[in-house]
>>> print(open('upload-v2.cif').read())   # mmCIF, C-alpha atoms (C1' of nucleotides)
data_upload
loop_
_atom_site.label_atom_id
_atom_site.label_comp_id
_atom_site.auth_asym_id
_atom_site.auth_seq_id
_atom_site.Cartn_x
_atom_site.Cartn_y
_atom_site.Cartn_z
CA MET J 6 58.15 122.42 115.59
CA LYS J 7 56.63 125.79 116.49
CA GLN J 8 58.01 128.73 114.50
CA ASP J 9 59.43 131.79 116.13
CA HIS J 10 60.30 135.25 114.83
CA VAL J 11 63.81 134.24 113.79
CA ASP J 12 62.41 131.52 111.51
CA THR J 13 60.61 134.28 109.61
CA ILE J 14 63.81 136.28 109.25
CA LEU J 15 65.73 133.23 108.05
CA ALA J 16 63.04 132.52 105.47
CA GLN J 17 63.29 136.10 104.19
CA TRP J 18 67.05 135.87 103.79
CA GLN J 19 66.65 132.55 102.00
CA VAL J 20 64.52 134.33 99.39
CA GLN J 21 66.63 137.48 99.08
CA ARG J 22 70.10 136.05 99.50
CA PRO J 23 69.96 132.33 98.63
CA ASP J 24 73.74 132.45 98.17
CA LEU J 25 74.25 132.84 101.93
CA ASP J 26 74.08 130.13 104.57
CA CYS J 27 72.42 132.14 107.32
CA SER J 28 72.12 129.26 109.76
CA PRO J 29 74.35 130.95 112.38
CA MET J 30 71.66 133.60 112.71
CA GLY J 31 69.47 130.82 114.03
CA VAL J 32 71.77 130.68 117.02
CA ILE J 33 73.07 134.23 117.37
CA GLY J 34 69.86 136.00 116.45
CA ARG J 35 67.91 133.92 118.93
CA MET J 36 70.51 134.44 121.60
CA ASP J 37 70.22 138.20 121.21
CA ARG J 38 66.45 138.10 121.26
CA ALA J 39 66.26 135.76 124.24
CA ASN J 40 68.84 137.78 126.11
CA HIS J 41 66.91 140.96 125.49
CA LEU J 42 63.67 139.48 126.82
CA MET J 43 65.42 137.98 129.82
CA LYS J 44 67.06 141.28 130.69
CA LEU J 45 63.71 143.04 130.68
CA SER J 46 62.38 140.49 133.13
CA LEU J 47 65.41 140.67 135.39
CA GLU J 48 65.26 144.46 135.46
CA GLU J 49 61.65 144.34 136.62
CA VAL J 50 62.73 142.51 139.75
CA PHE J 51 65.64 144.87 140.37
CA LYS J 52 63.34 147.84 139.95
CA GLN J 53 61.01 146.46 142.62
CA PHE J 54 63.92 146.83 145.01
CA GLY J 55 64.96 150.25 143.69
CA LEU J 56 68.07 148.98 141.95
CA MET J 57 69.33 149.12 138.43
CA SER J 58 71.27 146.26 136.86
CA SER J 59 74.71 147.74 137.49
CA GLU J 60 73.89 148.31 141.15
CA PHE J 61 72.63 144.77 141.49
CA ASP J 62 75.86 143.54 139.92
CA ILE J 63 77.97 145.45 142.44
CA LEU J 64 75.98 144.34 145.46
CA ALA J 65 75.87 140.74 144.22
CA THR J 66 79.62 140.75 143.60
CA LEU J 67 80.21 141.88 147.17
CA ARG J 68 77.74 139.39 148.60
CA ARG J 69 79.06 136.32 146.86
CA ALA J 70 82.69 137.29 147.47
CA GLY J 71 81.83 137.13 151.16
CA GLU J 72 84.35 139.88 151.90
CA PRO J 73 85.10 143.50 150.91
CA VAL J 74 86.38 144.10 147.38
CA THR J 75 88.34 146.99 145.87
CA PRO J 76 86.69 149.22 143.24
CA THR J 77 89.45 148.32 140.77
CA GLU J 78 88.80 144.61 141.15
CA MET J 79 85.10 145.21 140.58
CA TYR J 80 85.24 147.43 137.54
CA GLN J 81 87.61 145.02 135.84
CA THR J 82 85.35 142.04 136.51
CA LEU J 83 82.13 143.85 135.69
CA MET J 84 83.63 145.49 132.61
CA PHE J 85 83.00 149.14 133.16
CA SER J 86 85.16 152.21 133.63
CA SER J 87 86.73 153.35 136.89
CA GLY J 88 84.70 156.57 136.70
CA ALA J 89 81.45 154.68 136.34
CA MET J 90 82.37 152.51 139.32
CA SER J 91 83.03 155.56 141.52
CA THR J 92 79.69 157.06 140.56
CA ARG J 93 77.78 153.84 141.26
CA VAL J 94 79.52 153.24 144.58
CA ASP J 95 78.76 156.85 145.57
CA GLY J 96 75.10 156.18 144.96
CA LEU J 97 75.16 153.02 147.04
CA VAL J 98 77.02 154.78 149.86
CA LYS J 99 74.44 157.60 149.89
CA ARG J 100 71.72 155.00 150.29
CA GLY J 101 73.56 153.32 153.14
CA LEU J 102 74.00 150.01 151.32
CA VAL J 103 77.80 149.96 151.23
CA VAL J 104 80.68 151.78 152.91
CA ARG J 105 84.20 152.55 151.77
CA GLN J 106 86.81 151.30 154.16
CA ALA J 107 90.38 152.61 153.94
CA SER J 108 92.92 149.92 153.15
CA GLU J 109 95.37 149.27 155.96
CA THR J 110 98.26 148.36 153.71
CA ASP J 111 97.85 150.78 150.78
CA ARG J 112 96.69 154.28 151.52
CA ARG J 113 95.67 154.90 147.91
CA SER J 114 93.21 152.06 148.05
CA CYS J 115 89.92 151.26 149.67
CA LEU J 116 87.61 148.32 150.16
CA VAL J 117 83.92 148.45 149.40
CA MET J 118 81.92 146.63 152.03
CA LEU J 119 78.24 145.83 152.41
CA THR J 120 76.48 147.40 155.38
CA ASP J 121 74.03 145.29 157.36
CA GLU J 122 71.29 147.06 155.47
CA GLY J 123 72.99 146.40 152.14
CA ARG J 124 73.44 142.76 152.96
CA THR J 125 69.82 142.38 154.01
CA LEU J 126 68.72 144.05 150.80
CA ILE J 127 70.90 142.05 148.43
CA ASP J 128 69.91 138.80 150.14
CA ALA J 129 66.28 139.61 149.50
CA VAL J 130 66.93 140.70 145.92
CA VAL J 131 68.97 137.61 145.09
CA THR J 132 66.26 135.36 146.47
CA ALA J 133 63.65 137.07 144.29
CA HIS J 134 66.06 137.15 141.36
CA VAL J 135 66.78 133.43 141.44
CA GLU J 136 63.11 132.68 141.84
CA ASN J 137 62.43 134.81 138.79
CA GLU J 138 65.10 132.98 136.83
CA HIS J 139 63.57 129.62 137.75
CA GLN J 140 60.20 130.74 136.46
CA MET J 141 61.74 132.16 133.35
CA LEU J 142 63.26 128.82 132.42
CA ASN J 143 60.48 126.49 133.47
CA VAL J 144 59.27 126.02 129.90
CA LEU J 145 62.41 123.94 129.40
CA THR J 146 62.91 120.60 131.12
CA GLU J 147 65.74 120.16 133.63
CA LYS J 148 67.61 118.19 131.04
CA GLU J 149 67.14 120.84 128.37
CA GLN J 150 68.35 123.54 130.75
CA ALA J 151 71.43 121.48 131.51
CA THR J 152 72.12 120.94 127.80
CA LEU J 153 71.74 124.63 127.14
CA ALA J 154 74.10 125.54 129.98
CA SER J 155 76.60 122.99 128.81
CA LEU J 156 76.65 124.22 125.20
CA LEU J 157 77.04 127.80 126.33
CA ARG J 158 79.80 126.77 128.71
CA LYS J 159 81.65 125.06 125.89
CA TRP J 160 81.38 128.14 123.71
CA LEU J 161 82.41 130.52 126.50
CA ALA J 162 85.31 128.40 127.65
CA SER J 163 86.76 128.67 124.15
CA LYS J 164 86.54 132.47 124.19
CA GLU J 165 87.66 133.33 127.70
CA MET G 294 84.57 119.58 131.50
CA LYS G 295 86.46 122.87 131.23
CA GLN G 296 85.39 125.51 133.75
CA ASP G 297 84.30 128.97 132.72
CA HIS G 298 83.77 132.18 134.64
CA VAL G 299 80.17 131.37 135.50
CA ASP G 300 81.24 128.13 137.22
CA THR G 301 83.30 130.28 139.60
CA ILE G 302 80.33 132.50 140.34
CA LEU G 303 78.08 129.49 140.96
CA ALA G 304 80.65 128.03 143.35
CA GLN G 305 80.77 131.32 145.28
CA TRP G 306 77.00 131.41 145.63
CA GLN G 307 77.01 127.78 146.77
CA VAL G 308 79.29 128.81 149.66
CA GLN G 309 77.52 132.06 150.57
CA ARG G 310 73.92 131.09 149.90
CA PRO G 311 73.66 127.29 150.06
CA ASP G 312 69.91 127.71 150.57
CA LEU G 313 69.49 128.87 146.96
CA ASP G 314 69.40 126.70 143.86
CA CYS G 315 71.29 129.00 141.53
CA SER G 316 71.33 126.61 138.60
CA PRO G 317 69.32 128.98 136.36
CA MET G 318 72.28 131.36 136.51
CA GLY G 319 74.19 128.67 134.68
CA VAL G 320 71.92 129.31 131.74
CA ILE G 321 71.00 132.97 132.06
CA GLY G 322 74.38 134.21 133.27
CA ARG G 323 76.13 132.43 130.42
CA MET G 324 73.62 133.69 127.91
CA ASP G 325 74.28 137.25 128.99
CA ARG G 326 78.02 136.79 128.89
CA ALA G 327 78.01 135.03 125.53
CA ASN G 328 75.67 137.60 124.08
CA HIS G 329 77.92 140.40 125.27
CA LEU G 330 81.00 138.86 123.65
CA MET G 331 79.12 138.14 120.44
CA LYS G 332 77.85 141.69 120.21
CA LEU G 333 81.37 143.05 120.50
CA SER G 334 82.44 140.88 117.61
CA LEU G 335 79.46 141.78 115.46
CA GLU G 336 80.02 145.47 116.09
CA GLU G 337 83.60 145.21 114.88
CA VAL G 338 82.36 144.12 111.47
CA PHE G 339 79.70 146.84 111.36
CA LYS G 340 82.31 149.43 112.29
CA GLN G 341 84.49 148.35 109.36
CA PHE G 342 81.64 149.47 107.14
CA GLY G 343 80.98 152.67 109.10
CA LEU G 344 77.74 151.43 110.61
CA MET G 345 76.47 151.03 114.11
CA SER G 346 74.25 148.13 115.14
CA SER G 347 70.99 150.04 114.87
CA GLU G 348 71.89 151.21 111.37
CA PHE G 349 72.77 147.69 110.33
CA ASP G 350 69.42 146.52 111.69
CA ILE G 351 67.53 149.08 109.63
CA LEU G 352 69.40 148.36 106.41
CA ALA G 353 69.13 144.61 106.94
CA THR G 354 65.41 144.90 107.61
CA LEU G 355 64.95 146.73 104.32
CA ARG G 356 67.15 144.31 102.40
CA ARG G 357 65.50 141.13 103.56
CA ALA G 358 62.01 142.57 103.20
CA GLY G 359 62.87 143.04 99.52
CA GLU G 360 60.66 146.13 99.37
CA PRO G 361 60.28 149.55 101.04
CA VAL G 362 59.04 149.59 104.65
CA THR G 363 57.40 152.34 106.71
CA PRO G 364 59.26 153.85 109.71
CA THR G 365 56.42 152.77 112.00
CA GLU G 366 56.67 149.15 110.88
CA MET G 367 60.41 149.23 111.50
CA TYR G 368 60.49 150.82 114.92
CA GLN G 369 57.86 148.41 116.16
CA THR G 370 59.81 145.39 114.88
CA LEU G 371 63.18 146.67 115.99
CA MET G 372 61.86 147.82 119.34
CA PHE G 373 62.87 151.42 119.52
CA SER G 374 61.06 154.73 119.71
CA SER G 375 59.65 156.64 116.76
CA GLY G 376 61.98 159.52 117.54
CA ALA G 377 65.03 157.30 117.47
CA MET G 378 63.89 155.86 114.14
CA SER G 379 63.56 159.32 112.58
CA THR G 380 67.06 160.25 113.75
CA ARG G 381 68.59 157.05 112.39
CA VAL G 382 66.81 157.27 109.05
CA ASP G 383 67.95 160.90 108.77
CA GLY G 384 71.53 159.77 109.15
CA LEU G 385 71.16 157.08 106.51
CA VAL G 386 69.48 159.52 104.10
CA LYS G 387 72.34 162.01 104.56
CA ARG G 388 74.77 159.28 103.62
CA GLY G 389 72.78 158.37 100.55
CA LEU G 390 72.00 154.83 101.71
CA VAL G 391 68.21 155.16 101.86
CA VAL G 392 65.54 157.56 100.61
CA ARG G 393 62.13 158.46 101.94
CA GLN G 394 59.40 157.96 99.39
CA ALA G 395 55.99 159.57 99.90
CA SER G 396 53.19 157.04 100.23
CA GLU G 397 50.70 157.16 97.39
CA THR G 398 47.74 156.13 99.48
CA ASP G 399 48.38 157.89 102.82
CA ARG G 400 49.87 161.33 102.72
CA ARG G 401 50.95 161.18 106.37
CA SER G 402 53.09 158.18 105.65
CA CYS G 403 56.30 157.40 103.84
CA LEU G 404 58.29 154.37 102.76
CA VAL G 405 61.96 153.98 103.47
CA MET G 406 63.78 152.49 100.49
CA LEU G 407 67.35 151.39 99.90
CA THR G 408 69.27 153.32 97.26
CA ASP G 409 71.48 151.37 94.87
CA GLU G 410 74.41 152.47 97.02
CA GLY G 411 72.63 151.35 100.18
CA ARG G 412 71.81 147.99 98.69
CA THR G 413 75.37 147.44 97.54
CA LEU G 414 76.62 148.34 101.01
CA ILE G 415 74.23 146.17 102.98
CA ASP G 416 74.88 143.21 100.66
CA ALA G 417 78.59 143.50 101.40
CA VAL G 418 78.03 143.96 105.13
CA VAL G 419 75.67 141.01 105.39
CA THR G 420 78.13 138.77 103.58
CA ALA G 421 80.90 139.75 106.01
CA HIS G 422 78.48 139.54 108.93
CA VAL G 423 77.38 136.00 108.16
CA GLU G 424 80.97 134.93 107.59
CA ASN G 425 81.85 136.40 110.98
CA GLU G 426 78.97 134.51 112.59
CA HIS G 427 80.16 131.25 111.04
CA GLN G 428 83.62 131.74 112.48
CA MET G 429 82.22 132.72 115.82
CA LEU G 430 80.31 129.44 116.14
CA ASN G 431 82.87 127.08 114.67
CA VAL G 432 83.98 125.82 118.08
CA LEU G 433 80.63 124.04 118.22
CA THR G 434 79.81 121.13 115.92
CA GLU G 435 76.98 121.45 113.40
CA LYS G 436 74.88 119.26 115.61
CA GLU G 437 75.62 121.30 118.71
CA GLN G 438 74.71 124.48 116.88
CA ALA G 439 71.44 122.93 115.78
CA THR G 440 70.67 121.80 119.33
CA LEU G 441 71.41 125.25 120.67
CA ALA G 442 69.20 126.91 118.07
CA SER G 443 66.43 124.46 118.77
CA LEU G 444 66.47 124.99 122.54
CA LEU G 445 66.47 128.75 122.09
CA ARG G 446 63.61 128.47 119.59
CA LYS G 447 61.59 126.46 122.06
CA TRP G 448 62.17 129.05 124.76
CA LEU G 449 61.41 131.99 122.49
CA ALA G 450 58.31 130.43 120.98
CA SER G 451 56.87 130.19 124.49
CA LYS G 452 57.48 133.90 125.15
CA GLU G 453 56.50 135.53 121.87
"C1'" DT H 254 39.59 161.86 117.31
"C1'" DA H 255 43.29 158.81 116.04
"C1'" DT H 256 47.47 158.05 113.57
"C1'" DT H 257 52.05 159.01 110.88
"C1'" DG H 258 56.18 160.83 111.32
"C1'" DT H 259 59.32 164.78 112.78
"C1'" DT H 260 61.31 167.87 115.95
"C1'" DA H 261 62.87 169.66 120.31
"C1'" DT H 262 63.99 168.85 124.91
"C1'" DA H 263 65.90 166.61 128.61
"C1'" DC H 264 67.81 162.74 130.72
"C1'" DT H 265 70.57 158.59 131.79
"C1'" DC H 266 74.61 156.39 131.63
"C1'" DT H 267 79.09 156.26 130.38
"C1'" DA H 268 83.88 157.02 128.78
"C1'" DT H 269 87.66 160.01 128.93
"C1'" DA H 270 91.08 162.25 130.95
"C1'" DA H 271 92.83 165.41 134.31
"C1'" DC H 272 93.90 165.18 139.03
"C1'" DT H 273 95.29 163.82 144.02
"C1'" DA H 274 97.52 160.93 146.81
"C1'" DT H 275 100.39 157.26 147.48
"C1'" DA H 276 103.54 153.40 146.10
"C1'" DT D 191 107.18 156.52 137.24
"C1'" DA D 192 103.23 153.78 138.02
"C1'" DT D 193 98.95 152.85 140.33
"C1'" DA D 194 94.27 153.56 143.10
"C1'" DG D 195 90.56 156.04 143.04
"C1'" DT D 196 87.82 160.46 142.39
"C1'" DT D 197 86.09 164.27 139.92
"C1'" DA D 198 84.71 167.05 136.06
"C1'" DT D 199 83.57 167.33 131.42
"C1'" DA D 200 81.58 165.99 127.39
"C1'" DG D 201 79.37 162.75 124.51
"C1'" DA D 202 76.30 159.05 122.68
"C1'" DG D 203 72.00 157.36 122.44
"C1'" DT D 204 67.51 157.43 123.80
"C1'" DA D 205 62.78 158.37 125.45
"C1'" DT D 206 59.30 161.67 125.89
"C1'" DA D 207 56.11 164.56 124.45
"C1'" DA D 208 54.64 168.43 121.78
"C1'" DC D 209 53.69 169.18 117.09
"C1'" DA D 210 51.92 169.33 112.05
"C1'" DA D 211 49.63 166.97 108.65
"C1'" DT D 212 46.40 163.79 107.34
"C1'" DA D 213 43.00 160.02 108.01
#
>>> encode(input="upload-v2.cif", output="structure tokens")
Amino acid sequence: MKQDHVDTILAQWQVQRPDLDCSPMGVIGRMDRANHLMKLSLEEVFKQFGLMSSEFDILATLRRAGEPVTPTEMYQTLMFSSGAMSTRVDGLVKRGLVVRQASETDRRSCLVMLTDEGRTLIDAVVTAHVENEHQMLNVLTEKEQATLASLLRKWLASKE
Amino acid sequence: MKQDHVDTILAQWQVQRPDLDCSPMGVIGRMDRANHLMKLSLEEVFKQFGLMSSEFDILATLRRAGEPVTPTEMYQTLMFSSGAMSTRVDGLVKRGLVVRQASETDRRSCLVMLTDEGRTLIDAVVTAHVENEHQMLNVLTEKEQATLASLLRKWLASKE
DNA sequence: TATTGTTATACTCTATAACTATA
DNA sequence: TATAGTTATAGAGTATAACAATA
């Protein structure tokens, strides 16, 4: 079994704090480290298309919803503030990737909609993104990937 | 099998982009989401002790090393800039948790060392931290936790 | 010349809250 | 009164690079 960086950390704690059972770090520490490395890789792809992660998230949310979405709906799902959402949407509007459409039933509200250009872009980005994710995981077998997904699903389902 | 939020996202992509095999999102999307939730929980504990994550990381690095460490060694391991390290160490010095000790062999260099107060604090924080991590994972069986750690180790070992 | 570590500057992203318009 | 969304302000955290001292 090949050692990784977290094994070293666990060994150090075993020496310095033998009273503690640090085994959860084997899961949580690795999760953090893996997540960090994965994010770096994902961001490289986004950058190739001139997007940052939050912009990708907005465009992808719109694309997979298949219909316009309100800013409020999006900032709640994507877990950032209303102000941050306005700023991001502004940026995407300026670049012609989305438009704001006035709501017909509530004049306070609007719908954010992909333009043709925005849809073309996000389709290309998602294709590259998924391809990148496939490559990222190909050191694990199909079965291992499924096991990993399933364990994470179990954990998440208990928290959400 | 209980559904989670990522299952919903995968189903949406299946409708909108049936040409794509989005299964990697089942792993990577969940990892990101789980990591995010875990971080929030970890930060709550750190906050109870008046620390932020980066400060915890520095103190924990010093504690488990069991001996003083140079700033350069730490910022390379912890992956942040030299400037950020100086700022953080300054803050910890002001609070009496660490001291800078001049190197005896290289007068450009220094060693960052825990004070008695710093050591007492980090020992208490780590105890609470590990306890928190145990609770966080207790929805998974011991065996499931071990499987998860092992899959993540395999992935990480291939990237590091 | 290269390296250690600090300092000073500027920048990115965000939250917060005040605000407008509407419900 | 409450809500949708925008705007304006301020703040946290960081990277960057210039810098001083030493190797």
>>> calpha_fit_and_write(input="upload-v2.cif", fixed="chain J", moving="chain G", output="mmCIF file with C-alpha atoms, keeping the file's coordinate frame")
data_model
loop_
_atom_site.group_PDB
_atom_site.id
_atom_site.type_symbol
_atom_site.label_atom_id
_atom_site.label_comp_id
_atom_site.auth_asym_id
_atom_site.auth_seq_id
_atom_site.Cartn_x
_atom_site.Cartn_y
_atom_site.Cartn_z
ATOM 1 C CA MET G 294 58.185 122.498 115.543
ATOM 2 C CA LYS G 295 56.646 125.859 116.440
ATOM 3 C CA GLN G 296 58.016 128.798 114.453
ATOM 4 C CA ASP G 297 59.449 131.870 116.105
ATOM 5 C CA HIS G 298 60.334 135.309 114.818
ATOM 6 C CA VAL G 299 63.840 134.302 113.793
ATOM 7 C CA ASP G 300 62.458 131.572 111.504
ATOM 8 C CA THR G 301 60.663 134.334 109.586
ATOM 9 C CA ILE G 302 63.857 136.330 109.252
ATOM 10 C CA LEU G 303 65.788 133.271 108.061
ATOM 11 C CA ALA G 304 63.108 132.562 105.459
ATOM 12 C CA GLN G 305 63.356 136.150 104.182
ATOM 13 C CA TRP G 306 67.118 135.908 103.826
ATOM 14 C CA GLN G 307 66.743 132.578 102.025
ATOM 15 C CA VAL G 308 64.618 134.365 99.398
ATOM 16 C CA GLN G 309 66.728 137.524 99.100
ATOM 17 C CA ARG G 310 70.199 136.074 99.548
ATOM 18 C CA PRO G 311 70.063 132.365 98.675
ATOM 19 C CA ASP G 312 73.842 132.478 98.224
ATOM 20 C CA LEU G 313 74.338 132.890 101.984
ATOM 21 C CA ASP G 314 74.163 130.180 104.621
ATOM 22 C CA CYS G 315 72.496 132.187 107.356
ATOM 23 C CA SER G 316 72.171 129.308 109.785
ATOM 24 C CA PRO G 317 74.391 130.992 112.414
ATOM 25 C CA MET G 318 71.697 133.655 112.737
ATOM 26 C CA GLY G 319 69.495 130.885 114.044
ATOM 27 C CA VAL G 320 71.784 130.721 117.034
ATOM 28 C CA ILE G 321 73.085 134.259 117.400
ATOM 29 C CA GLY G 322 69.868 136.051 116.471
ATOM 30 C CA ARG G 323 67.907 133.961 118.950
ATOM 31 C CA MET G 324 70.505 134.458 121.632
ATOM 32 C CA ASP G 325 70.233 138.207 121.244
ATOM 33 C CA ARG G 326 66.464 138.131 121.286
ATOM 34 C CA ALA G 327 66.250 135.781 124.255
ATOM 35 C CA ASN G 328 68.828 137.774 126.144
ATOM 36 C CA HIS G 329 66.897 140.967 125.518
ATOM 37 C CA LEU G 330 63.654 139.482 126.844
ATOM 38 C CA MET G 331 65.410 137.980 129.847
ATOM 39 C CA LYS G 332 67.041 141.271 130.730
ATOM 40 C CA LEU G 333 63.686 143.023 130.728
ATOM 41 C CA SER G 334 62.360 140.474 133.167
ATOM 42 C CA LEU G 335 65.392 140.637 135.425
ATOM 43 C CA GLU G 336 65.228 144.418 135.503
ATOM 44 C CA GLU G 337 61.626 144.312 136.671
ATOM 45 C CA VAL G 338 62.704 142.478 139.805
ATOM 46 C CA PHE G 339 65.632 144.835 140.403
ATOM 47 C CA LYS G 340 63.318 147.813 139.996
ATOM 48 C CA GLN G 341 61.002 146.437 142.689
ATOM 49 C CA PHE G 342 63.927 146.816 145.057
ATOM 50 C CA GLY G 343 64.941 150.240 143.727
ATOM 51 C CA LEU G 344 68.052 148.972 141.986
ATOM 52 C CA MET G 345 69.315 149.105 138.463
ATOM 53 C CA SER G 346 71.232 146.233 136.890
ATOM 54 C CA SER G 347 74.670 147.706 137.488
ATOM 55 C CA GLU G 348 73.855 148.287 141.153
ATOM 56 C CA PHE G 349 72.600 144.746 141.520
ATOM 57 C CA ASP G 350 75.826 143.507 139.938
ATOM 58 C CA ILE G 351 77.948 145.423 142.428
ATOM 59 C CA LEU G 352 75.975 144.312 145.470
ATOM 60 C CA ALA G 353 75.858 140.721 144.243
ATOM 61 C CA THR G 354 79.596 140.740 143.610
ATOM 62 C CA LEU G 355 80.205 141.862 147.182
ATOM 63 C CA ARG G 356 77.741 139.369 148.630
ATOM 64 C CA ARG G 357 79.064 136.308 146.881
ATOM 65 C CA ALA G 358 82.681 137.281 147.478
ATOM 66 C CA GLY G 359 81.830 137.140 151.187
ATOM 67 C CA GLU G 360 84.349 139.899 151.897
ATOM 68 C CA PRO G 361 85.104 143.512 150.896
ATOM 69 C CA VAL G 362 86.384 144.098 147.348
ATOM 70 C CA THR G 363 88.327 146.998 145.828
ATOM 71 C CA PRO G 364 86.671 149.230 143.180
ATOM 72 C CA THR G 365 89.410 148.307 140.705
ATOM 73 C CA GLU G 366 88.770 144.588 141.128
ATOM 74 C CA MET G 367 85.067 145.174 140.563
ATOM 75 C CA TYR G 368 85.194 147.377 137.503
ATOM 76 C CA GLN G 369 87.573 144.980 135.812
ATOM 77 C CA THR G 370 85.303 141.995 136.518
ATOM 78 C CA LEU G 371 82.099 143.806 135.694
ATOM 79 C CA MET G 372 83.572 145.419 132.609
ATOM 80 C CA PHE G 373 82.945 149.075 133.116
ATOM 81 C CA SER G 374 85.093 152.153 133.537
ATOM 82 C CA SER G 375 86.659 153.318 136.782
ATOM 83 C CA GLY G 376 84.652 156.521 136.575
ATOM 84 C CA ALA G 377 81.387 154.660 136.251
ATOM 85 C CA MET G 378 82.330 152.509 139.242
ATOM 86 C CA SER G 379 83.001 155.561 141.421
ATOM 87 C CA THR G 380 79.631 157.056 140.474
ATOM 88 C CA ARG G 381 77.759 153.836 141.221
ATOM 89 C CA VAL G 382 79.512 153.238 144.529
ATOM 90 C CA ASP G 383 78.754 156.850 145.494
ATOM 91 C CA GLY G 384 75.080 156.193 144.937
ATOM 92 C CA LEU G 385 75.136 153.032 147.022
ATOM 93 C CA VAL G 386 77.032 154.787 149.834
ATOM 94 C CA LYS G 387 74.454 157.605 149.872
ATOM 95 C CA ARG G 388 71.741 155.017 150.302
ATOM 96 C CA GLY G 389 73.588 153.344 153.131
ATOM 97 C CA LEU G 390 74.008 150.023 151.321
ATOM 98 C CA VAL G 391 77.813 149.976 151.206
ATOM 99 C CA VAL G 392 80.704 151.806 152.863
ATOM 100 C CA ARG G 393 84.205 152.577 151.699
ATOM 101 C CA GLN G 394 86.837 151.324 154.088
ATOM 102 C CA ALA G 395 90.402 152.635 153.863
ATOM 103 C CA SER G 396 92.927 149.932 153.042
ATOM 104 C CA GLU G 397 95.381 149.256 155.834
ATOM 105 C CA THR G 398 98.243 148.332 153.565
ATOM 106 C CA ASP G 399 97.830 150.744 150.620
ATOM 107 C CA ARG G 400 96.706 154.241 151.376
ATOM 108 C CA ARG G 401 95.660 154.892 147.771
ATOM 109 C CA SER G 402 93.210 152.051 147.932
ATOM 110 C CA CYS G 403 89.915 151.287 149.588
ATOM 111 C CA LEU G 404 87.607 148.333 150.096
ATOM 112 C CA VAL G 405 83.925 148.470 149.354
ATOM 113 C CA MET G 406 81.923 146.647 152.015
ATOM 114 C CA LEU G 407 78.251 145.836 152.416
ATOM 115 C CA THR G 408 76.512 147.427 155.387
ATOM 116 C CA ASP G 409 74.082 145.306 157.386
ATOM 117 C CA GLU G 410 71.309 147.091 155.503
ATOM 118 C CA GLY G 411 73.000 146.403 152.175
ATOM 119 C CA ARG G 412 73.446 142.756 153.002
ATOM 120 C CA THR G 413 69.835 142.376 154.056
ATOM 121 C CA LEU G 414 68.728 144.037 150.826
ATOM 122 C CA ILE G 415 70.901 142.037 148.465
ATOM 123 C CA ASP G 416 69.918 138.779 150.193
ATOM 124 C CA ALA G 417 66.268 139.590 149.550
ATOM 125 C CA VAL G 418 66.918 140.680 145.969
ATOM 126 C CA VAL G 419 68.960 137.600 145.141
ATOM 127 C CA THR G 420 66.258 135.331 146.517
ATOM 128 C CA ALA G 421 63.635 137.034 144.336
ATOM 129 C CA HIS G 422 66.054 137.122 141.410
ATOM 130 C CA VAL G 423 66.769 133.405 141.493
ATOM 131 C CA GLU G 424 63.081 132.630 141.880
ATOM 132 C CA ASN G 425 62.400 134.793 138.834
ATOM 133 C CA GLU G 426 65.086 132.947 136.875
ATOM 134 C CA HIS G 427 63.543 129.598 137.795
ATOM 135 C CA GLN G 428 60.171 130.709 136.499
ATOM 136 C CA MET G 429 61.706 132.145 133.392
ATOM 137 C CA LEU G 430 63.267 128.802 132.447
ATOM 138 C CA ASN G 431 60.457 126.489 133.468
ATOM 139 C CA VAL G 432 59.262 126.015 129.891
ATOM 140 C CA LEU G 433 62.410 123.951 129.393
ATOM 141 C CA THR G 434 62.894 120.592 131.099
ATOM 142 C CA GLU G 435 65.711 120.136 133.612
ATOM 143 C CA LYS G 436 67.597 118.191 131.014
ATOM 144 C CA GLU G 437 67.112 120.842 128.358
ATOM 145 C CA GLN G 438 68.327 123.509 130.745
ATOM 146 C CA ALA G 439 71.404 121.447 131.509
ATOM 147 C CA THR G 440 72.094 120.928 127.804
ATOM 148 C CA LEU G 441 71.734 124.626 127.141
ATOM 149 C CA ALA G 442 74.074 125.528 129.989
ATOM 150 C CA SER G 443 76.581 122.977 128.820
ATOM 151 C CA LEU G 444 76.642 124.205 125.217
ATOM 152 C CA LEU G 445 77.029 127.793 126.365
ATOM 153 C CA ARG G 446 79.814 126.751 128.745
ATOM 154 C CA LYS G 447 81.643 125.040 125.926
ATOM 155 C CA TRP G 448 81.369 128.136 123.765
ATOM 156 C CA LEU G 449 82.404 130.502 126.540
ATOM 157 C CA ALA G 450 85.306 128.371 127.706
ATOM 158 C CA SER G 451 86.755 128.643 124.203
ATOM 159 C CA LYS G 452 86.544 132.455 124.256
ATOM 160 C CA GLU G 453 87.649 133.329 127.775
#
>>> resolve_selection(input="upload-v2.cif", expression="the PyMOL selection byres ((chain G) within 10 of (chain D))", output="list in words")
Phe373, Ser374, Ser375, Gly376, Ala377, Asp399, Arg400, Arg401 and Ser402 of chain G
>>> closest_atom_pairs(input="upload-v2.cif", of="chain J", to="chain G", cutoff="6 Å", atoms="all atoms listed in the file", output="JSON lines")
{"residue": "J:Asp9", "atom": "CA", "partner": "G:Ala450", "partner_atom": "CA", "distance": 5.2}
{"residue": "J:Gln17", "atom": "CA", "partner": "G:Arg357", "partner_atom": "CA", "distance": 5.5}
{"residue": "J:Trp18", "atom": "CA", "partner": "G:Arg357", "partner_atom": "CA", "distance": 5.5}
{"residue": "J:Gln21", "atom": "CA", "partner": "G:Arg357", "partner_atom": "CA", "distance": 5.9}
{"residue": "J:Pro29", "atom": "CA", "partner": "G:Glu426", "partner_atom": "CA", "distance": 5.8}
{"residue": "J:Gly31", "atom": "CA", "partner": "G:Ala442", "partner_atom": "CA", "distance": 5.6}
{"residue": "J:Val32", "atom": "CA", "partner": "G:Ala442", "partner_atom": "CA", "distance": 4.7}
{"residue": "J:Arg69", "atom": "CA", "partner": "G:Trp306", "partner_atom": "CA", "distance": 5.5}
{"residue": "J:Glu138", "atom": "CA", "partner": "G:Pro317", "partner_atom": "CA", "distance": 5.8}
{"residue": "J:His139", "atom": "CA", "partner": "G:Pro317", "partner_atom": "CA", "distance": 6.0}
{"residue": "J:Ala154", "atom": "CA", "partner": "G:Val320", "partner_atom": "CA", "distance": 4.7}
{"residue": "J:Ala162", "atom": "CA", "partner": "G:Asp297", "partner_atom": "CA", "distance": 5.2}
